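**Q** As input, take final-v9.txt (compact mmCIF, C-alpha atoms):
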```
# COMPACT_ATOMS: atom_id res chain seq x y z
CA MET A 1 194.03 134.34 136.25
CA HIS A 2 194.33 137.01 138.95
CA VAL A 3 191.78 139.05 140.89
CA ARG A 4 191.80 142.49 142.44
CA MET A 5 189.17 142.62 145.20
CA ASN A 6 187.93 146.04 146.30
CA MET A 7 185.65 146.03 149.34
CA LEU A 8 183.83 149.32 149.94
CA VAL A 9 181.83 150.01 153.08
CA GLY A 10 179.65 153.11 153.24
CA ASP A 11 176.18 154.57 153.32
CA PRO A 12 173.53 151.94 152.33
CA ALA A 13 171.27 154.69 150.99
CA ARG A 14 173.87 155.59 148.36
CA LEU A 15 174.64 152.05 147.20
CA ASP A 16 172.22 152.10 144.24
CA GLU A 17 173.81 155.27 142.91
CA ALA A 18 177.25 153.71 143.27
CA THR A 19 176.30 150.54 141.39
CA ARG A 20 174.84 152.57 138.52
CA TYR A 21 178.10 154.49 138.29
CA LEU A 22 180.03 151.23 138.39
CA GLU A 23 178.11 149.66 135.53
CA GLY A 24 177.84 152.74 133.38
CA SER A 25 181.29 154.30 133.79
CA VAL A 26 183.75 152.14 135.71
CA ARG A 27 183.03 148.84 134.00
CA PRO A 28 183.80 150.00 130.40
CA HIS A 29 186.94 151.76 131.66
CA VAL A 30 188.25 148.68 133.47
CA GLU A 31 187.34 146.25 130.69
CA ALA A 32 189.25 148.40 128.18
CA GLN A 33 192.52 147.80 130.06
CA PRO A 34 194.93 145.27 128.50
CA GLY A 35 194.59 141.78 129.95
CA ASN A 36 191.22 142.35 131.62
CA ARG A 37 188.78 139.43 131.76
CA GLY A 38 185.78 141.25 133.18
CA ILE A 39 184.38 142.64 136.39
CA ALA A 40 181.85 141.47 138.98
CA VAL A 41 180.00 143.67 141.49
CA LEU A 42 178.41 142.25 144.65
CA THR A 43 176.45 144.14 147.29
CA ASN A 44 174.95 143.75 150.72
CA ALA A 45 172.32 146.48 150.55
CA ASP A 46 171.43 146.29 154.24
CA LEU A 47 174.98 146.93 155.41
CA GLY A 48 176.18 149.22 152.62
CA VAL A 49 178.93 146.82 151.51
CA CYS A 50 180.03 146.65 147.88
CA VAL A 51 182.62 144.22 146.52
CA ILE A 52 184.18 144.99 143.14
CA ALA A 53 186.24 142.13 141.73
CA SER A 54 188.21 142.68 138.52
CA TYR A 55 189.82 139.67 136.80
CA TRP A 56 193.09 139.72 134.86
CA ASP A 57 195.10 137.43 132.59
CA THR A 58 198.28 137.84 134.63
CA ALA A 59 199.60 139.44 137.79
CA ASP A 60 201.56 141.86 135.60
CA ALA A 61 198.40 142.97 133.77
CA MET A 62 196.68 143.52 137.10
CA ALA A 63 199.61 145.55 138.43
CA ALA A 64 199.84 147.61 135.22
CA SER A 65 196.18 148.60 135.54
CA GLU A 66 196.51 149.91 139.08
CA GLN A 67 197.08 153.52 138.11
CA ALA A 68 194.11 153.44 135.70
CA VAL A 69 191.69 152.38 138.46
CA GLU A 70 192.89 154.73 141.20
CA VAL A 71 190.62 157.63 140.23
CA PRO A 72 187.39 155.57 139.83
CA ARG A 73 188.10 153.87 143.15
CA LYS A 74 188.52 157.24 144.89
CA GLU A 75 185.33 158.59 143.28
CA LEU A 76 183.34 155.52 144.37
CA THR A 77 184.60 155.78 147.92
CA GLU A 78 183.55 159.41 148.06
CA LEU A 79 180.21 158.61 146.43
CA ILE A 80 179.17 156.26 149.25
CA SER A 81 180.95 158.26 151.98
CA GLY A 82 182.92 155.19 152.94
CA THR A 83 186.25 153.40 153.01
CA VAL A 84 187.86 150.83 150.73
CA THR A 85 190.12 147.82 151.25
CA VAL A 86 192.05 146.34 148.32
CA GLU A 87 193.25 142.73 148.15
CA HIS A 88 194.95 140.71 145.41
CA TYR A 89 194.50 137.02 144.69
CA GLU A 90 195.26 134.29 142.21
CA ALA A 91 192.20 132.45 140.89
CA ALA A 92 193.58 128.96 141.38
CA VAL A 93 190.23 127.30 140.58
CA PHE A 94 187.40 128.71 138.44
CA VAL A 95 184.65 126.36 137.26
CA ARG A 96 181.41 127.63 135.73
CA ARG A 97 178.28 125.58 135.01
CA SER A 98 176.08 128.48 133.86
CA TRP A 99 176.27 132.26 133.60
CA PRO A 100 174.82 133.85 136.77
CA PRO A 101 171.97 136.34 136.30
CA ALA A 102 171.68 139.71 138.01
CA GLY A 103 170.36 139.14 141.52
CA ALA A 104 172.19 135.82 141.88
CA GLY A 105 173.36 134.84 145.35
CA VAL A 106 177.10 134.86 146.08
CA ARG A 107 178.74 133.32 149.15
CA MET A 108 182.35 134.17 150.03
CA THR A 109 184.11 132.03 152.61
CA ARG A 110 187.37 133.51 153.86
CA ILE A 111 189.88 130.87 154.94
CA ASP A 112 193.23 131.41 156.66
CA GLY A 113 196.13 129.05 157.09
CA ASP A 114 199.84 128.48 156.86
CA PRO A 115 201.14 129.56 153.42
CA ALA A 116 202.79 126.15 153.18
CA TYR A 117 199.33 124.52 153.06
CA VAL A 118 197.83 126.71 150.31
CA GLY A 119 198.78 124.26 147.57
CA ALA A 120 197.15 121.43 149.50
CA ALA A 121 194.00 123.50 150.01
CA VAL A 122 193.78 124.20 146.27
CA ALA A 123 194.26 120.51 145.44
CA GLU A 124 191.64 119.40 147.98
CA PHE A 125 189.12 122.00 146.81
CA ARG A 126 189.61 120.89 143.20
CA LYS A 127 189.47 117.18 144.10
CA THR A 128 186.50 117.03 146.47
CA GLY A 129 184.88 120.47 146.70
CA VAL A 130 184.26 121.13 143.01
CA PRO A 131 182.63 117.76 142.19
CA ALA A 132 180.33 118.00 145.22
CA LEU A 133 179.35 121.61 144.50
CA MET A 134 178.68 120.93 140.81
CA GLN A 135 175.98 118.43 141.81
CA MET A 136 174.07 120.95 143.92
CA PRO A 137 170.85 122.44 142.49
CA GLY A 138 171.09 126.08 141.49
CA LEU A 139 174.89 126.37 141.54
CA CYS A 140 176.26 128.55 138.72
CA SER A 141 179.98 128.61 139.46
CA THR A 142 182.67 128.21 142.06
CA GLN A 143 186.10 129.74 142.53
CA PHE A 144 189.01 129.32 144.91
CA LEU A 145 191.11 132.47 145.27
CA VAL A 146 194.46 132.36 147.04
CA ASP A 147 197.18 134.64 148.33
CA ARG A 148 200.07 132.18 148.50
CA GLU A 149 202.39 134.54 150.39
CA ILE A 150 200.22 135.05 153.47
CA GLY A 151 197.96 131.98 153.28
CA HIS A 152 194.62 133.76 152.77
CA CYS A 153 192.03 132.00 150.60
CA ILE A 154 188.46 132.78 149.51
CA ALA A 155 186.03 130.10 148.37
CA VAL A 156 183.38 131.74 146.17
CA THR A 157 180.13 130.08 145.15
CA THR A 158 177.55 131.75 142.92
CA TRP A 159 173.94 130.56 142.85
CA GLN A 160 171.03 131.09 140.48
CA ASP A 161 169.18 133.03 143.18
CA ARG A 162 169.30 133.66 146.92
CA ASP A 163 166.83 130.86 147.63
CA ALA A 164 169.15 128.31 146.01
CA MET A 165 172.06 129.72 148.02
CA ALA A 166 170.07 129.41 151.25
CA ALA A 167 168.96 125.86 150.45
CA GLY A 168 172.58 124.72 150.09
CA ARG A 169 173.93 126.20 153.33
CA SER A 170 173.92 122.96 155.30
CA VAL A 171 175.67 120.90 152.62
CA VAL A 172 178.22 123.65 151.99
CA ALA A 173 178.93 123.90 155.74
CA THR A 174 179.83 120.19 155.76
CA LEU A 175 182.12 120.61 152.74
CA ARG A 176 183.73 123.59 154.44
CA ALA A 177 184.41 121.63 157.62
CA ASP A 178 185.92 118.74 155.67
CA LEU A 179 188.19 121.06 153.70
CA THR A 180 189.55 122.87 156.73
CA ALA A 181 190.14 119.61 158.62
CA VAL A 182 192.17 118.10 155.78
CA THR A 183 194.18 121.22 154.97
CA HIS A 184 194.83 122.51 158.52
CA THR A 185 193.13 125.82 157.76
CA ARG A 186 190.42 127.78 159.57
CA VAL A 187 187.39 129.73 158.46
CA ARG A 188 187.69 133.43 159.26
CA MET A 189 184.38 134.69 157.88
CA VAL A 190 181.39 133.69 155.75
CA GLU A 191 179.68 136.49 153.78
CA GLU A 192 176.68 136.51 151.46
CA PHE A 193 175.92 139.05 148.73
CA ALA A 194 173.64 139.76 145.80
CA LEU A 195 175.26 139.89 142.36
CA MET A 196 174.59 143.22 140.65
CA PHE A 197 176.30 142.25 137.40
CA SER A 198 179.19 140.16 136.11
CA SER A 199 181.13 140.17 132.86
CA VAL A 200 183.84 137.78 134.07
CA ARG A 201 185.14 135.27 131.55
CA GLN A 202 187.03 132.17 132.54
CA GLY A 203 189.76 133.24 130.16
CA ASP A 204 189.67 130.76 127.31
CA THR A 205 188.82 131.87 123.78
CA ARG A 206 185.59 129.90 123.67
CA SER A 207 184.19 131.72 126.70
CA LEU A 208 185.28 135.05 125.16
CA ILE A 209 183.30 134.36 121.97
CA GLU A 210 180.30 133.06 123.94
CA ARG A 211 180.37 136.25 126.01
CA ASP A 212 180.61 138.33 122.82
CA ILE A 213 177.41 136.68 121.56
CA GLU A 214 175.61 137.05 124.89
CA LEU A 215 176.38 140.78 125.13
CA TRP A 216 175.20 141.27 121.55
CA ASN A 217 171.91 139.53 122.35
CA THR A 218 171.32 141.55 125.54
CA ARG A 219 172.06 144.85 123.70
CA ASP A 220 174.93 145.62 126.08
CA ARG A 221 176.92 147.82 123.74
CA ALA A 222 179.47 148.99 126.33
CA GLY A 223 180.19 145.45 127.47
CA TRP A 224 180.40 144.20 123.88
CA LEU A 225 182.86 146.92 122.91
CA GLY A 226 184.94 146.07 125.99
CA LEU A 227 185.71 142.60 124.60
CA ALA A 228 187.62 144.02 121.63
CA ASP A 229 191.02 145.66 121.39
CA LEU A 230 189.65 148.76 119.70
CA HIS A 231 193.13 150.02 118.84
CA ARG A 232 193.87 146.95 116.69
CA LEU A 233 190.41 145.70 115.71
CA GLU A 234 189.88 144.79 112.05
CA LEU A 235 186.52 143.95 110.46
CA HIS A 236 186.02 142.26 107.10
CA ALA A 237 182.49 141.54 105.84
CA PRO A 238 180.63 140.93 102.56
CA GLY A 239 179.96 143.95 100.38
CA GLY A 240 183.53 145.19 100.52
CA ILE A 241 183.40 146.20 104.17
CA GLU A 242 186.88 146.66 105.62
CA LEU A 243 187.01 148.79 108.76
CA HIS A 244 189.45 149.33 111.59
CA GLY A 245 189.37 150.38 115.22
CA GLN A 246 186.34 151.94 116.88
CA ASP A 247 184.71 152.55 113.47
CA ALA A 248 184.68 148.81 112.82
CA ALA A 249 182.85 148.00 116.04
CA ASP A 250 180.45 150.95 115.79
CA SER A 251 179.52 150.16 112.18
CA ILE A 252 178.72 146.49 112.65
CA TRP A 253 176.70 147.20 115.81
CA THR A 254 174.69 150.05 114.28
CA MET A 255 174.07 148.36 110.93
CA TRP A 256 172.39 145.25 112.32
CA HIS A 257 170.76 146.55 115.49
CA GLU A 258 169.24 149.52 113.68
CA ALA A 259 167.77 147.35 110.91
CA PHE A 260 166.74 144.42 113.12
CA PRO A 261 166.09 145.76 116.66
CA ASP A 262 164.85 142.36 117.93
CA ASN A 263 167.69 140.34 116.37
CA ARG A 264 169.31 137.43 118.13
CA LEU A 265 172.43 135.37 117.43
CA GLU A 266 172.43 131.62 117.96
CA ILE A 267 175.35 129.21 118.11
CA VAL A 268 175.27 126.29 115.67
CA THR A 269 178.87 125.23 116.24
CA LEU A 270 181.84 126.89 117.92
CA HIS A 271 185.50 125.91 117.66
CA ALA A 272 188.31 127.78 119.42
CA ASP A 273 191.96 127.59 120.44
CA ASP A 274 194.43 130.02 121.99
CA ARG A 275 194.73 132.09 118.79
CA GLY A 276 191.05 132.53 117.91
CA GLY A 277 187.89 130.75 116.95
CA VAL A 278 185.20 130.04 114.37
CA HIS A 279 181.52 130.56 115.13
CA GLU A 280 178.89 129.12 112.81
CA GLY A 281 175.61 130.70 113.76
CA ARG A 282 172.12 131.92 112.91
CA PHE A 283 170.99 135.53 112.79
CA VAL A 284 167.24 135.88 113.38
CA GLY A 285 165.44 139.22 113.43
CA THR A 286 162.57 141.29 112.06
CA HIS A 287 163.45 143.92 109.44
CA THR A 288 161.74 146.96 110.97
CA GLY A 289 164.55 149.49 110.44
CA THR A 290 166.62 150.69 107.51
CA LEU A 291 169.47 148.34 106.57
CA ARG A 292 172.36 150.59 105.55
CA THR A 293 174.88 148.71 103.39
CA PRO A 294 177.85 149.87 101.27
CA ALA A 295 175.69 149.25 98.17
CA GLY A 296 172.78 151.35 99.41
CA GLU A 297 169.90 151.36 101.86
CA ILE A 298 167.12 148.78 102.12
CA PRO A 299 163.97 150.26 103.69
CA PRO A 300 162.10 148.21 106.32
CA THR A 301 160.21 145.26 104.83
CA GLY A 302 158.71 143.86 108.04
CA ARG A 303 160.02 140.42 107.06
CA ILE A 304 161.81 137.99 109.36
CA LEU A 305 165.40 137.24 108.39
CA ASP A 306 166.74 133.83 109.39
CA ALA A 307 170.25 133.65 107.97
CA ARG A 308 173.25 131.41 108.54
CA PHE A 309 176.62 133.10 108.95
CA CYS A 310 180.18 132.38 109.99
CA GLY A 311 182.44 134.56 112.11
CA VAL A 312 186.19 133.99 112.24
CA TYR A 313 187.89 135.63 115.23
CA GLU A 314 191.51 136.38 116.08
CA VAL A 315 192.29 136.88 119.77
CA ASP A 316 195.29 138.27 121.61
CA SER A 317 195.71 138.94 125.35
CA GLY A 318 192.08 138.16 126.08
CA LYS A 319 190.69 140.63 123.50
CA ILE A 320 189.21 140.21 120.01
CA THR A 321 191.56 141.80 117.49
CA SER A 322 190.01 140.71 114.20
CA THR A 323 186.61 139.55 112.94
CA HIS A 324 185.94 138.15 109.47
CA LEU A 325 182.21 137.82 108.83
CA TYR A 326 180.80 135.62 106.07
CA PHE A 327 177.18 135.24 104.97
CA ASP A 328 175.21 134.66 101.77
CA GLN A 329 174.19 138.10 100.51
CA ALA A 330 171.86 136.64 97.87
CA ASP A 331 170.02 134.65 100.54
CA VAL A 332 169.61 137.74 102.72
CA LEU A 333 168.22 139.75 99.82
CA ALA A 334 165.89 136.92 98.81
CA GLN A 335 164.46 136.72 102.32
CA LEU A 336 163.98 140.48 102.59
CA GLY A 337 162.48 140.69 99.09
CA PRO A 338 163.98 143.83 97.51
CA ALA A 339 164.38 143.82 93.73
CA PRO A 340 167.73 142.57 92.35
CA GLY A 341 170.29 145.37 92.15
```
Reformat the file's structure so that it appears as structure tokens.

**A**
Amino acid sequence: MHVRMNMLVGDPARLDEATRYLEGSVRPHVEAQPGNRGIAVLTNADLGVCVIASYWDTADAMAASEQAVEVPRKELTELISGTVTVEHYEAAVFVRRSWPPAGAGVRMTRIDGDPAYVGAAVAEFRKTGVPALMQMPGLCSTQFLVDREIGHCIAVTTWQDRDAMAAGRSVVATLRADLTAVTHTRVRMVEEFALMFSSVRQGDTRSLIERDIELWNTRDRAGWLGLADLHRLELHAPGGIELHGQDAADSIWTMWHEAFPDNRLEIVTLHADDRGGVHEGRFVGTHTGTLRTPAGEIPPTGRILDARFCGVYEVDSGKITSTHLYFDQADVLAQLGPAPG
């Protein structure tokens, strides 16, 4: 996995406006690019610093997207009346224990050294740093980003909140000193930020499907659409539903969220490999809106639907390309109570 790191420095008073633009406009645009694995935005509101990190399957995918992100980057820089620095890294280590919430604390430790020692630094971080960090209260994830050509590295830790990040400073400082002593590197800078939002997936199919479910549950339509290859997407569902492209995604979203505004998906079991995955789950929601099906409309009944279903996904280049949805139509109708036929 590879990372493009954009660091913007500008007017602190305009940072909120910039982050809204990032989440509402830039994020869907970036996530729609082939090979994208998500985007994370960090800020230091006091100093007017904003870090935008986009994650990619390969270095080629990252390079191919460069032209597509030039205009949004320029607009953001102008929006905060600032400057931007762009860096590129390989995510040599990425371990996640839990998904970080908005407002999470993020510490970035910039480490410099001889390019010949980068491999040793990665191995030492994976061997001793990751196990020690994973035992610390409040840690959500850790990454080790490297530029092997010039020897620059960034150790990234993300914490449940800023209090947890502050509580771990002493222990992390010791781990940092041990790492640099063993690998003949030196710490250039330690920075701390607040996480505005993150849609970054580790890259495996399981995390892609888990993210798909999470975005559905949080009603993040733009983020949910960004996980699919809308040019190739196919949808097959009971009732003779066979749709393609944007229509497929729009129809499944509108049908269920309109009829069951409070609905939630749960994971019963999840199996995945490089080609796709199978999600056995539960759909739970209150029928307070019209359920529009190919066979006709079912007016709101006010009843709670608790239905088992199975979703079969095909995945290519980090995007969902096909979804086959299976559920018991008779059971759904019986729970909602409309007359047969």

**Q** Residues within 10 Å of range 237-254 of chain A, please, as a PyMOL selection string. Count only C-alpha atoms; anything in the same chain fewer than 5 positions from it doesn't count.

**A** chain A and resi 216+219+221+224-225+228-232+259-261+291-295+311+321-329

**Q** Could you jot down the CA of Gly48 in chain A to CA of Thr157 in chain A separation for me, Å, one decimal place?

**A**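 These two atoms are separated by 20.9 Å.
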
**Q** Counting all atoms listed in the file, what is within 7 Å of range 110-114 of chain A, bar same-chain residues fewer than 6 positions away, as a PyMOL selection string?

**A** chain A and resi 151-155+184-190

**Q** Show which residues sit within 12 Å of Lys319 in chain A, as a PyMOL selection string. Count all atoms listed in the file, and ignore same-chain residues fewer than 2 positions away.

**A** chain A and resi 31-38+56-57+201+203-209+211-212+224-233+274-276+313-317+321-323

**Q** Neighbouring residues of Leu145 in chain A were defined as those with any atom within 9 Å, considering only C-alpha atoms; residues of the same chain fewer than 3 positions away were excluded. Please report them as a PyMOL selection string.

**A** chain A and resi 2-3+89-94+122+152-156

**Q** Quick one: everything within 7 Å of Ala104 in chain A, counting only C-alpha atoms, minus sequence neighbours fewer than 6 positions away in the same chain. Send it as a PyMOL selection string.

**A** chain A and resi 158-162+194-195

**Q** Considering all atoms listed in the file, can you say which of A:His88, A:His257, A:Arg97, A:Arg148 comes closest to Met62 in chain A?

**A**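 The closest residue to Met62 in chain A is A:His88.
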
**Q** Report the distance between CA of Ala177 in chain A and CA of Val86 in chain A in Å, rounded to one decimal place.

**A**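 One can read the CA of Ala177 in chain A to CA of Val86 in chain A distance as 27.5 Å.
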
**Q** With all atoms listed in the file as the atoms that count, which of A:Ser81, A:Thr286, A:Ser25, A:Gln143 lies nearest to Pro12 in chain A?

**A** A:Ser81

**Q** Rounded to one decimal, what separation in Å do you get between CA of Pro101 in chain A and CA of Ser141 in chain A?

**A**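 Those two atoms sit 11.6 Å apart.
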
**Q** When distances are computed from all atoms listed in the file, which of A:Pro137, A:Gly223, A:Pro131, A:Gly103 shows the smallest separation from Val26 in chain A?

**A**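 Distance minimum relative to Val26 in chain A lands on A:Gly223.
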
**Q** Which is closer to Thr77 in chain A than all the others in A:Leu270, A:Ala167, A:Ala59, A:Leu15, using all atoms listed in the file?

**A**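 Closest candidate: A:Leu15.
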
**Q** Using the atoms already present, construct N, CA, C and O atoms for range 153-169 of chain A and hand them back as a short mmCIF file (atom, residue, chain, number, x, y, z; two decimals), in the coordinates of the input.

**A**
```cif
data_model
loop_
_atom_site.label_atom_id
_atom_site.label_comp_id
_atom_site.auth_asym_id
_atom_site.auth_seq_id
_atom_site.Cartn_x
_atom_site.Cartn_y
_atom_site.Cartn_z
N CYS A 153 192.78 132.59 151.70
CA CYS A 153 192.03 132.00 150.60
C CYS A 153 190.57 132.46 150.69
O CYS A 153 190.08 132.76 151.78
N ILE A 154 189.89 132.50 149.54
CA ILE A 154 188.46 132.78 149.51
C ILE A 154 187.79 131.76 148.61
O ILE A 154 188.13 131.65 147.42
N ALA A 155 186.87 131.00 149.17
CA ALA A 155 186.03 130.10 148.37
C ALA A 155 184.78 130.85 147.99
O ALA A 155 184.06 131.36 148.85
N VAL A 156 184.52 130.97 146.69
CA VAL A 156 183.38 131.74 146.17
C VAL A 156 182.42 130.79 145.48
O VAL A 156 182.83 130.02 144.59
N THR A 157 181.16 130.83 145.87
CA THR A 157 180.13 130.08 145.15
C THR A 157 179.04 131.05 144.71
O THR A 157 178.64 131.93 145.47
N THR A 158 178.59 130.89 143.48
CA THR A 158 177.55 131.75 142.92
C THR A 158 176.35 130.88 142.57
O THR A 158 176.50 129.83 141.94
N TRP A 159 175.16 131.35 142.98
CA TRP A 159 173.94 130.56 142.85
C TRP A 159 172.91 131.29 142.00
O TRP A 159 172.91 132.51 141.93
N GLN A 160 172.03 130.53 141.38
CA GLN A 160 171.03 131.09 140.48
C GLN A 160 170.20 132.18 141.15
O GLN A 160 169.84 133.18 140.53
N ASP A 161 169.90 132.01 142.42
CA ASP A 161 169.18 133.03 143.18
C ASP A 161 169.49 132.83 144.66
O ASP A 161 170.16 131.87 145.05
N ARG A 162 168.99 133.71 145.49
CA ARG A 162 169.30 133.66 146.92
C ARG A 162 168.62 132.48 147.60
O ARG A 162 169.11 131.97 148.61
N ASP A 163 167.49 132.04 147.06
CA ASP A 163 166.83 130.86 147.63
C ASP A 163 167.69 129.62 147.45
O ASP A 163 167.80 128.79 148.36
N ALA A 164 168.27 129.45 146.26
CA ALA A 164 169.15 128.31 146.01
C ALA A 164 170.38 128.37 146.92
O ALA A 164 170.84 127.34 147.43
N MET A 165 170.91 129.57 147.13
CA MET A 165 172.06 129.72 148.02
C MET A 165 171.69 129.32 149.45
O MET A 165 172.44 128.61 150.12
N ALA A 166 170.51 129.74 149.89
CA ALA A 166 170.07 129.41 151.25
C ALA A 166 169.84 127.92 151.41
O ALA A 166 170.18 127.32 152.45
N ALA A 167 169.27 127.30 150.37
CA ALA A 167 168.96 125.86 150.45
C ALA A 167 170.22 125.02 150.57
O ALA A 167 170.17 123.90 151.12
N GLY A 168 171.35 125.51 150.07
CA GLY A 168 172.58 124.72 150.09
C GLY A 168 173.47 124.98 151.29
O GLY A 168 174.58 124.43 151.36
N ARG A 169 173.03 125.81 152.24
CA ARG A 169 173.93 126.20 153.33
C ARG A 169 174.41 125.01 154.15
O ARG A 169 175.58 124.93 154.52
#
```
